[in-house]
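Text of structure_2.cif (mmCIF, C-alpha atoms) as supplied:
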```
data_start
loop_
_atom_site.label_atom_id
_atom_site.label_comp_id
_atom_site.auth_asym_id
_atom_site.auth_seq_id
_atom_site.Cartn_x
_atom_site.Cartn_y
_atom_site.Cartn_z
CA MET A 1 12.47 -72.60 -33.47
CA TYR A 2 14.75 -70.22 -31.53
CA LYS A 3 18.52 -69.78 -31.75
CA ASN A 4 19.06 -68.37 -28.27
CA TYR A 5 17.63 -69.70 -25.02
CA ILE A 6 18.00 -67.36 -22.04
CA PHE A 7 17.32 -68.70 -18.57
CA ASP A 8 16.65 -67.22 -15.17
CA LEU A 9 18.30 -69.28 -12.44
CA TYR A 10 16.64 -69.38 -9.02
CA GLY A 11 13.09 -70.68 -9.13
CA THR A 12 13.52 -71.64 -12.78
CA LEU A 13 16.47 -74.03 -13.06
CA VAL A 14 17.26 -74.22 -9.36
CA ASP A 15 15.01 -74.89 -6.39
CA ILE A 16 16.48 -73.20 -3.34
CA ARG A 17 15.33 -72.24 0.15
CA THR A 18 17.27 -69.75 2.24
CA ASN A 19 16.72 -67.87 5.48
CA GLU A 20 18.90 -64.82 6.08
CA ASP A 21 16.99 -63.76 9.20
CA LYS A 22 17.86 -66.62 11.51
CA ALA A 23 19.99 -65.76 14.51
CA TYR A 24 22.33 -68.70 13.96
CA LEU A 25 23.46 -67.23 10.63
CA TRP A 26 24.42 -63.89 12.13
CA ASP A 27 26.09 -65.53 15.15
CA LYS A 28 28.32 -67.54 12.82
CA MET A 29 28.98 -64.61 10.49
CA ALA A 30 30.01 -62.48 13.49
CA GLU A 31 32.46 -65.22 14.46
CA LEU A 32 33.88 -65.35 10.94
CA PHE A 33 34.31 -61.59 10.72
CA GLY A 34 36.04 -61.78 14.09
CA PHE A 35 38.45 -64.42 12.81
CA TYR A 36 39.50 -61.89 10.14
CA GLY A 37 39.93 -59.13 12.73
CA ALA A 38 36.59 -57.33 12.39
CA VAL A 39 34.82 -57.89 15.71
CA TYR A 40 31.02 -57.60 15.72
CA ASP A 41 28.22 -59.09 17.74
CA ARG A 42 25.24 -60.61 15.96
CA SER A 43 22.89 -57.66 16.09
CA SER A 44 25.42 -54.95 15.21
CA LEU A 45 26.71 -56.94 12.23
CA LYS A 46 23.24 -57.57 10.84
CA LYS A 47 22.22 -53.94 11.34
CA ALA A 48 25.36 -52.60 9.66
CA TYR A 49 25.11 -55.12 6.81
CA LEU A 50 21.50 -54.29 6.00
CA GLY A 51 22.17 -50.58 6.39
CA TYR A 52 25.03 -50.59 3.90
CA CYS A 53 22.99 -52.68 1.44
CA LYS A 54 20.20 -50.10 1.52
CA GLU A 55 22.57 -47.13 1.41
CA LEU A 56 24.42 -48.49 -1.61
CA GLU A 57 21.20 -49.31 -3.45
CA ASN A 58 19.82 -45.81 -2.87
CA GLU A 59 23.03 -44.26 -4.18
CA MET A 60 22.94 -46.42 -7.31
CA LYS A 61 19.32 -45.49 -8.00
CA LYS A 62 20.52 -42.03 -9.00
CA ASN A 63 21.90 -43.53 -12.22
CA GLU A 64 20.07 -46.84 -12.68
CA GLU A 65 16.34 -47.57 -12.41
CA TYR A 66 16.90 -51.17 -11.33
CA PRO A 67 20.30 -51.22 -9.59
CA GLU A 68 22.02 -54.27 -8.15
CA ILE A 69 24.56 -53.85 -5.39
CA ASP A 70 27.77 -55.86 -5.08
CA LEU A 71 28.19 -57.50 -1.68
CA ASP A 72 31.96 -57.21 -2.03
CA ILE A 73 31.53 -53.48 -1.43
CA VAL A 74 29.26 -54.03 1.57
CA ILE A 75 31.73 -56.42 3.20
CA GLN A 76 34.62 -54.03 2.54
CA LYS A 77 32.67 -51.28 4.34
CA LEU A 78 32.08 -53.58 7.29
CA PHE A 79 35.82 -54.20 7.58
CA ALA A 80 36.62 -50.51 7.12
CA ASP A 81 34.39 -49.68 10.09
CA LYS A 82 36.74 -51.81 12.17
CA GLY A 83 39.87 -50.13 10.82
CA ILE A 84 40.71 -52.75 8.20
CA GLU A 85 41.08 -51.00 4.84
CA LYS A 86 42.52 -53.78 2.68
CA VAL A 87 40.55 -57.00 2.27
CA GLU A 88 41.74 -59.78 -0.02
CA GLN A 89 39.32 -61.06 -2.68
CA SER A 90 39.74 -64.55 -1.24
CA THR A 91 38.38 -63.26 2.08
CA LEU A 92 35.40 -61.59 0.41
CA ASP A 93 34.66 -64.82 -1.46
CA ALA A 94 35.01 -66.99 1.65
CA LEU A 95 32.65 -64.83 3.69
CA GLN A 96 30.00 -64.76 0.98
CA MET A 97 30.17 -68.51 0.41
CA SER A 98 29.96 -69.09 4.15
CA MET A 99 26.95 -66.82 4.45
CA ARG A 100 25.21 -68.63 1.63
CA VAL A 101 25.91 -72.13 2.93
CA ILE A 102 24.81 -71.29 6.47
CA SER A 103 21.60 -69.61 5.30
CA THR A 104 20.63 -72.33 2.79
CA LYS A 105 18.20 -75.07 3.79
CA PHE A 106 18.58 -76.87 0.46
CA ILE A 107 19.57 -76.28 -3.13
CA ARG A 108 18.91 -78.59 -6.08
CA LEU A 109 18.09 -78.62 -9.77
CA TYR A 110 14.51 -79.12 -10.85
CA ASP A 111 13.78 -82.42 -12.57
CA GLY A 112 14.55 -82.22 -16.27
CA VAL A 113 16.99 -79.31 -16.18
CA LYS A 114 20.11 -81.16 -17.33
CA ASP A 115 18.12 -83.10 -19.90
CA LEU A 116 16.84 -79.88 -21.48
CA LEU A 117 20.27 -78.22 -21.44
CA GLU A 118 21.85 -81.32 -23.00
CA ASN A 119 19.20 -81.36 -25.73
CA LEU A 120 19.75 -77.69 -26.48
CA LYS A 121 23.46 -78.36 -26.89
CA ILE A 122 22.81 -81.33 -29.16
CA LYS A 123 20.67 -79.09 -31.36
CA GLU A 124 23.48 -76.49 -31.37
CA LYS A 125 21.42 -73.81 -29.64
CA ASN A 126 22.97 -70.95 -27.71
CA ILE A 127 22.28 -70.95 -23.97
CA TYR A 128 22.58 -67.93 -21.71
CA LEU A 129 21.97 -67.15 -18.06
CA LEU A 130 20.47 -63.82 -16.98
CA SER A 131 20.19 -63.84 -13.21
CA ASN A 132 19.36 -61.33 -10.49
CA ALA A 133 21.97 -62.61 -8.09
CA GLN A 134 25.21 -62.09 -6.24
CA ARG A 135 28.40 -63.32 -7.89
CA GLY A 136 29.76 -64.62 -4.60
CA PHE A 137 26.73 -66.87 -4.18
CA THR A 138 25.89 -67.82 -7.74
CA ARG A 139 29.14 -68.73 -9.45
CA PRO A 140 30.05 -71.32 -6.77
CA GLU A 141 26.50 -72.72 -6.91
CA LEU A 142 26.65 -73.10 -10.70
CA ARG A 143 29.81 -75.16 -10.30
CA TYR A 144 28.35 -77.17 -7.41
CA LEU A 145 25.21 -78.02 -9.42
CA GLY A 146 27.25 -78.94 -12.50
CA ILE A 147 25.53 -76.63 -14.99
CA GLU A 148 28.06 -73.82 -15.52
CA LYS A 149 29.48 -75.67 -18.54
CA TYR A 150 26.23 -75.44 -20.49
CA PHE A 151 26.12 -71.65 -20.78
CA ASP A 152 27.58 -69.72 -23.69
CA GLY A 153 27.29 -66.56 -21.61
CA ILE A 154 26.46 -65.69 -18.00
CA LEU A 155 25.30 -62.29 -16.78
CA ILE A 156 24.91 -61.88 -13.04
CA SER A 157 23.31 -58.66 -11.86
CA SER A 158 25.83 -57.86 -9.11
CA GLU A 159 28.62 -57.90 -11.68
CA GLU A 160 26.71 -55.58 -14.01
CA GLY A 161 25.27 -53.14 -11.48
CA CYS A 162 21.74 -53.56 -12.85
CA LYS A 163 19.04 -56.21 -12.80
CA LYS A 164 15.80 -57.44 -14.34
CA PRO A 165 13.26 -56.23 -15.34
CA GLY A 166 15.35 -53.25 -16.39
CA ASN A 167 15.97 -52.91 -20.12
CA SER A 168 19.63 -52.14 -19.50
CA PHE A 169 20.34 -55.62 -18.10
CA TYR A 170 18.62 -57.32 -21.03
CA GLN A 171 20.29 -55.02 -23.52
CA ARG A 172 23.73 -55.84 -22.14
CA LEU A 173 23.11 -59.49 -22.88
CA LEU A 174 21.88 -58.76 -26.40
CA ASP A 175 24.76 -56.41 -27.17
CA ARG A 176 27.53 -58.49 -25.59
CA TYR A 177 26.65 -61.63 -27.52
CA ASN A 178 25.17 -59.94 -30.61
CA LEU A 179 21.76 -61.57 -30.14
CA ASN A 180 18.64 -60.77 -32.13
CA PRO A 181 15.68 -60.66 -29.70
CA LYS A 182 13.45 -62.12 -32.44
CA ASP A 183 15.61 -65.26 -32.40
CA SER A 184 15.62 -65.48 -28.61
CA ILE A 185 13.37 -66.61 -25.78
CA MET A 186 13.51 -65.85 -22.05
CA ILE A 187 12.55 -68.65 -19.66
CA GLY A 188 11.76 -67.69 -16.08
CA ASN A 189 9.50 -67.98 -13.05
CA ASP A 190 8.92 -64.26 -12.39
CA SER A 191 6.08 -62.61 -14.29
CA VAL A 192 7.67 -59.17 -13.93
CA SER A 193 11.45 -59.62 -13.96
CA ASP A 194 11.49 -62.36 -16.57
CA ILE A 195 8.33 -61.88 -18.62
CA LEU A 196 7.70 -58.13 -18.65
CA GLY A 197 11.44 -57.61 -18.85
CA ALA A 198 11.66 -59.76 -21.97
CA CYS A 199 8.67 -57.99 -23.50
CA GLY A 200 10.47 -54.71 -22.98
CA VAL A 201 13.17 -55.69 -25.47
CA GLY A 202 10.86 -57.45 -27.92
CA MET A 203 11.68 -61.00 -26.87
CA ASP A 204 9.39 -64.03 -26.59
CA SER A 205 9.14 -65.66 -23.18
CA LEU A 206 8.09 -68.76 -21.29
CA TYR A 207 6.69 -68.39 -17.80
CA ILE A 208 6.90 -71.34 -15.41
CA HIS A 209 5.18 -70.96 -12.06
CA THR A 210 7.08 -72.66 -9.25
CA GLU A 211 6.70 -72.76 -5.47
CA ILE A 212 9.07 -69.81 -5.04
CA SER A 213 7.65 -67.64 -7.82
CA PRO A 214 6.59 -64.13 -6.77
CA GLU A 215 2.89 -63.37 -7.06
CA CYS A 216 1.96 -63.47 -10.74
CA VAL A 217 0.75 -60.24 -12.33
CA GLU A 218 -2.76 -60.45 -13.69
CA ASP A 219 -1.77 -59.52 -17.24
CA LEU A 220 0.67 -62.36 -17.85
CA ARG A 221 2.29 -61.58 -21.19
CA SER A 222 4.32 -64.73 -21.73
CA THR A 223 4.37 -66.45 -25.12
CA TYR A 224 4.17 -69.82 -23.37
CA THR A 225 2.94 -70.67 -19.88
CA ILE A 226 3.41 -73.58 -17.48
CA MET A 227 1.45 -73.08 -14.29
CA ASP A 228 2.08 -76.42 -12.53
CA GLY A 229 5.87 -76.02 -12.17
CA ASP A 230 6.64 -79.07 -14.33
CA PHE A 231 9.99 -78.19 -15.89
CA THR A 232 9.92 -81.24 -18.14
CA LYS A 233 7.12 -79.63 -20.18
CA ILE A 234 9.46 -76.91 -21.45
CA LYS A 235 11.14 -79.20 -23.95
CA GLU A 236 7.90 -80.08 -25.73
CA LEU A 237 6.82 -76.45 -25.88
CA ILE A 238 9.90 -74.68 -27.21
CA LEU A 239 12.43 -77.23 -28.42
CA LYS A 240 11.42 -78.39 -31.88
#
```
Let me see whether you can do it: turn the structure in this file into structure tokens.
Amino acid sequence: MYKNYIFDLYGTLVDIRTNEDKAYLWDKMAELFGFYGAVYDRSSLKKAYLGYCKELENEMKKNEEYPEIDLDIVIQKLFADKGIEKVEQSTLDALQMSMRVISTKFIRLYDGVKDLLENLKIKEKNIYLLSNAQRGFTRPELRYLGIEKYFDGILISSEEGCKKPGNSFYQRLLDRYNLNPKDSIMIGNDSVSDILGACGVGMDSLYIHTEISPECVEDLRSTYTIMDGDFTKIKELILK
């Protein structure tokens, strides 16, 4: 039916709940930064972190309609404010993974995810991931969940500097892997980022509404629709 199956990650393949506002997170992150020599208290760290995220995004908007910041840069700025100019990549990775683990209530695959991915592989389909996400969070989580091996290509927005629903993010996927949008389908839980974004490059789409989906736009333009969040229904709809 299709040659290329492109998936969103969070809310589509992965059910996750996080809370980046809780005081405990910022207490622990302040301790960790202190261990590496950058001493902050909870409130000053959170304020500086959020401020640099916003500042960087605003700067990137001059050249990209839908920019995605890289948290590596934010963390480097936080260290620089404390007089530490050189930060090892291993430190950046450790801090991001720690932040993610502390802020995460749970993370798990939806029922039927591995079964569908296995079936796509058996049928020799190409599988890609197109995710609005941070590399420092997402690549470790893909390994932890055991699904990294299924993808023929992975594009993470923080690595590309742009995100869905922007055409540039979709076009990078199509160009990098020489994909024909007419042979491809986007599967996601966001009616704007995943569905309107796919429409923008002439690609079919499947919308699945899950508990963490953003509010659905009234003019839902998906080729296929699953409104009850049952991931197992995807196989019968688009894998023939």
A:Ile107 surroundings by all atoms listed in the file, 8 Å radius, close-in-sequence under 4 positions cut, as a short mmCIF file (atom, residue, chain, number, x, y, z; two decimals) with C-alpha atoms, in the coordinates of the input:
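Listing of around-v2.cif after writing:
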```cif
data_model
loop_
_atom_site.label_atom_id
_atom_site.label_comp_id
_atom_site.auth_asym_id
_atom_site.auth_seq_id
_atom_site.Cartn_x
_atom_site.Cartn_y
_atom_site.Cartn_z
CA VAL A 14 17.26 -74.22 -9.36
CA ASP A 15 15.01 -74.89 -6.39
CA ILE A 16 16.48 -73.20 -3.34
CA ARG A 17 15.33 -72.24 0.15
#
```
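Across the structure, atom CA of A:Ser213 and atom CA of A:Gly229 are spaced 9.6 Å apart.
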Please evaluate the PyMOL selection byres ((chain A and resi 53-69) around 8) against the structure above and give the resulting residues as a short mmCIF file (atom, residue, chain, number, x, y, z; two decimals) with C-alpha atoms, keeping the file's coordinate frame.
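The new file result-v6.cif reads:
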```cif
data_model
loop_
_atom_site.label_atom_id
_atom_site.label_comp_id
_atom_site.auth_asym_id
_atom_site.auth_seq_id
_atom_site.Cartn_x
_atom_site.Cartn_y
_atom_site.Cartn_z
CA TYR A 49 25.11 -55.12 6.81
CA LEU A 50 21.50 -54.29 6.00
CA GLY A 51 22.17 -50.58 6.39
CA TYR A 52 25.03 -50.59 3.90
CA ASP A 70 27.77 -55.86 -5.08
CA LEU A 71 28.19 -57.50 -1.68
CA VAL A 74 29.26 -54.03 1.57
CA ASN A 132 19.36 -61.33 -10.49
CA SER A 157 23.31 -58.66 -11.86
CA SER A 158 25.83 -57.86 -9.11
CA GLU A 160 26.71 -55.58 -14.01
CA GLY A 161 25.27 -53.14 -11.48
CA CYS A 162 21.74 -53.56 -12.85
CA LYS A 163 19.04 -56.21 -12.80
CA LYS A 164 15.80 -57.44 -14.34
CA PRO A 165 13.26 -56.23 -15.34
CA GLY A 166 15.35 -53.25 -16.39
#
```
Fill in: Residues near A:Glu148, cut-off 12 Å, all atoms listed in the file, skip fewer than 5 positions along chain, as number ranges by chain
A: 9, 13, 114, 117, 127-129, 138-143, 153-155
Practice prompt. Excluding A:Glu218 and residues on its chain fewer than 4 positions from it, collect all residues at most 12 Å away from it, counting only C-alpha atoms, and give them as number ranges by chain.
Written response: A: 191-192, 196, 222
Discussion item. Between A:Tyr40, A:Phe35, A:Phe79, A:Phe151, which residue has the minimum interatomic distance to A:Asn4, considering all atoms listed in the file?
Written reply: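 Smallest separation from A:Asn4 among the options: A:Phe151.
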Item to complete: Using the chain letters and residue numbers of this document, give as a ChimeraX atom specification the residues selected by the PyMOL selection byres ((chain A and resi 81) around 12).
Response: /A:33,37-40,44-45,48-49,52,74-80,82-86
Item to complete: Run the PyMOL selection byres ((chain A and resi 228) around 9) against the file shown and list the residues it catches, as a PyMOL selection string.
Response: chain A and resi 208-210+226-227+229-231
Worksheet item: Counting all atoms listed in the file, which residues come within 7 Å of (29.4, -63.4, -0.3), with the point read in the file's coordinates, and could you list them as a VMD selection string?
Response: chain A and resid 71 to 72 92 to 97 99 to 100 136 to 137
Atoms kept (C-alpha atoms) for selection, written as a PDB file, in the frame of the given file:
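Once everything was written out, this is out-v2.pdb:
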```pdb
ATOM      1  CA  LEU A  71      28.190 -57.500  -1.680  1.00  0.00           C
ATOM      2  CA  ASP A  72      31.960 -57.210  -2.030  1.00  0.00           C
ATOM      3  CA  LEU A  92      35.400 -61.590   0.410  1.00  0.00           C
ATOM      4  CA  ASP A  93      34.660 -64.820  -1.460  1.00  0.00           C
ATOM      5  CA  ALA A  94      35.010 -66.990   1.650  1.00  0.00           C
ATOM      6  CA  LEU A  95      32.650 -64.830   3.690  1.00  0.00           C
ATOM      7  CA  GLN A  96      30.000 -64.760   0.980  1.00  0.00           C
ATOM      8  CA  MET A  97      30.170 -68.510   0.410  1.00  0.00           C
ATOM      9  CA  MET A  99      26.950 -66.820   4.450  1.00  0.00           C
ATOM     10  CA  ARG A 100      25.210 -68.630   1.630  1.00  0.00           C
ATOM     11  CA  GLY A 136      29.760 -64.620  -4.600  1.00  0.00           C
ATOM     12  CA  PHE A 137      26.730 -66.870  -4.180  1.00  0.00           C
TER      13      PHE A 137
END
```
Worksheet item: For A:Pro214, which of A:Glu236, A:Asp111, A:Asp190, A:Asp27 is the closest residue, counting all atoms listed in the file?
Response: A:Asp190
Worksheet item: What is the distance, in Å and to one decimal place, between atom CA of A:Thr223 and atom CA of A:Ile122?
Response: 24.0 Å
Item to complete: Figure out the distance between atom CA of A:Tyr24 and atom CA of A:Ser98, please, to one decimal in Å.
Response: 12.4 Å
Item to complete: Find the residue from A:Ile147, A:Ile195, A:Ala30, A:Leu239 that sits nearest to A:Arg221; use only C-alpha atoms when measuring.
Response: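 Of A:Ile147, A:Ile195, A:Ala30, A:Leu239, the one nearest A:Arg221 is A:Ile195, counting only C-alpha atoms.
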Please, what is the axis-aligned box for every listed atom of stretch 156-171 of chain A with 3 Å on each side, as centre and edge lengths in Å to one decimal, as AutoDock Vina command-line options?
```
--center_x 20.9 --center_y -57.0 --center_z -16.3 --size_x 21.4 --size_y 15.7 --size_z 20.4
```
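If you measure from each of A:Cys199, A:Ile6, A:Leu237, A:Val217 to A:Ser131 using only C-alpha atoms, the closest one turns out to be A:Ile6.
Counting all atoms listed in the file and comparing A:Asn119, A:Thr225, A:Asn19, A:Asn167, the residue that lies closest to A:Ser103 is A:Asn19.
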Worksheet, complete the sentence: Using all atoms listed in the file, the best pick from A:Glu31, A:Asp194, A:Asp204, A:Asp152 as closest to A:Glu124 would be A:Asp152
Item to complete: Would you mind listing what lies within 10 Å of A:Ile185 as a ChimeraX atom specification, with all atoms listed in the file counted and same-chain residues fewer than 2 positions away left out?
Response: /A:1-7,181-183,187-188,195,198,202-206,223,238
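Residues in contact with A:Gly112 at 7 Å, where all atoms listed in the file are counted and same-chain residues fewer than 3 positions away are skipped, are listed as Asp115, Leu116, Phe231 and Thr232 of chain A.
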Model the absent atoms of stretch 171-182 of chain A so that N, CA, C and O atoms are present, and write the result as a tab-separated table (two decimals), keeping the file's coordinate frame.
```
chain	number	residue	atom	x	y	z
A	171	GLN	N	19.56	-55.55	-22.37
A	171	GLN	CA	20.29	-55.02	-23.52
A	171	GLN	C	21.77	-55.37	-23.46
A	171	GLN	O	22.41	-55.58	-24.49
A	172	ARG	N	22.32	-55.44	-22.27
A	172	ARG	CA	23.73	-55.84	-22.14
A	172	ARG	C	23.95	-57.25	-22.67
A	172	ARG	O	24.95	-57.53	-23.32
A	173	LEU	N	23.01	-58.13	-22.36
A	173	LEU	CA	23.11	-59.49	-22.88
A	173	LEU	C	23.04	-59.50	-24.40
A	173	LEU	O	23.87	-60.13	-25.07
A	174	LEU	N	22.05	-58.79	-24.95
A	174	LEU	CA	21.88	-58.76	-26.40
A	174	LEU	C	23.09	-58.17	-27.09
A	174	LEU	O	23.57	-58.71	-28.11
A	175	ASP	N	23.62	-57.09	-26.55
A	175	ASP	CA	24.76	-56.41	-27.17
A	175	ASP	C	26.05	-57.22	-27.03
A	175	ASP	O	26.83	-57.33	-27.98
A	176	ARG	N	26.27	-57.78	-25.85
A	176	ARG	CA	27.53	-58.49	-25.59
A	176	ARG	C	27.68	-59.72	-26.47
A	176	ARG	O	28.79	-60.04	-26.91
A	177	TYR	N	26.57	-60.39	-26.74
A	177	TYR	CA	26.65	-61.63	-27.52
A	177	TYR	C	26.01	-61.48	-28.90
A	177	TYR	O	25.81	-62.49	-29.59
A	178	ASN	N	25.72	-60.24	-29.28
A	178	ASN	CA	25.17	-59.94	-30.61
A	178	ASN	C	23.95	-60.79	-30.91
A	178	ASN	O	23.86	-61.45	-31.95
A	179	LEU	N	22.97	-60.75	-30.00
A	179	LEU	CA	21.76	-61.57	-30.14
A	179	LEU	C	20.62	-60.74	-30.72
A	179	LEU	O	20.44	-59.58	-30.38
A	180	ASN	N	19.86	-61.38	-31.60
A	180	ASN	CA	18.64	-60.77	-32.13
A	180	ASN	C	17.49	-61.21	-31.22
A	180	ASN	O	17.24	-62.41	-31.08
A	181	PRO	N	16.77	-60.26	-30.59
A	181	PRO	CA	15.68	-60.66	-29.70
A	181	PRO	C	14.61	-61.50	-30.39
A	181	PRO	O	13.94	-62.30	-29.73
A	182	LYS	N	14.46	-61.34	-31.70
A	182	LYS	CA	13.45	-62.12	-32.44
A	182	LYS	C	13.84	-63.59	-32.55
A	182	LYS	O	12.98	-64.44	-32.81
```
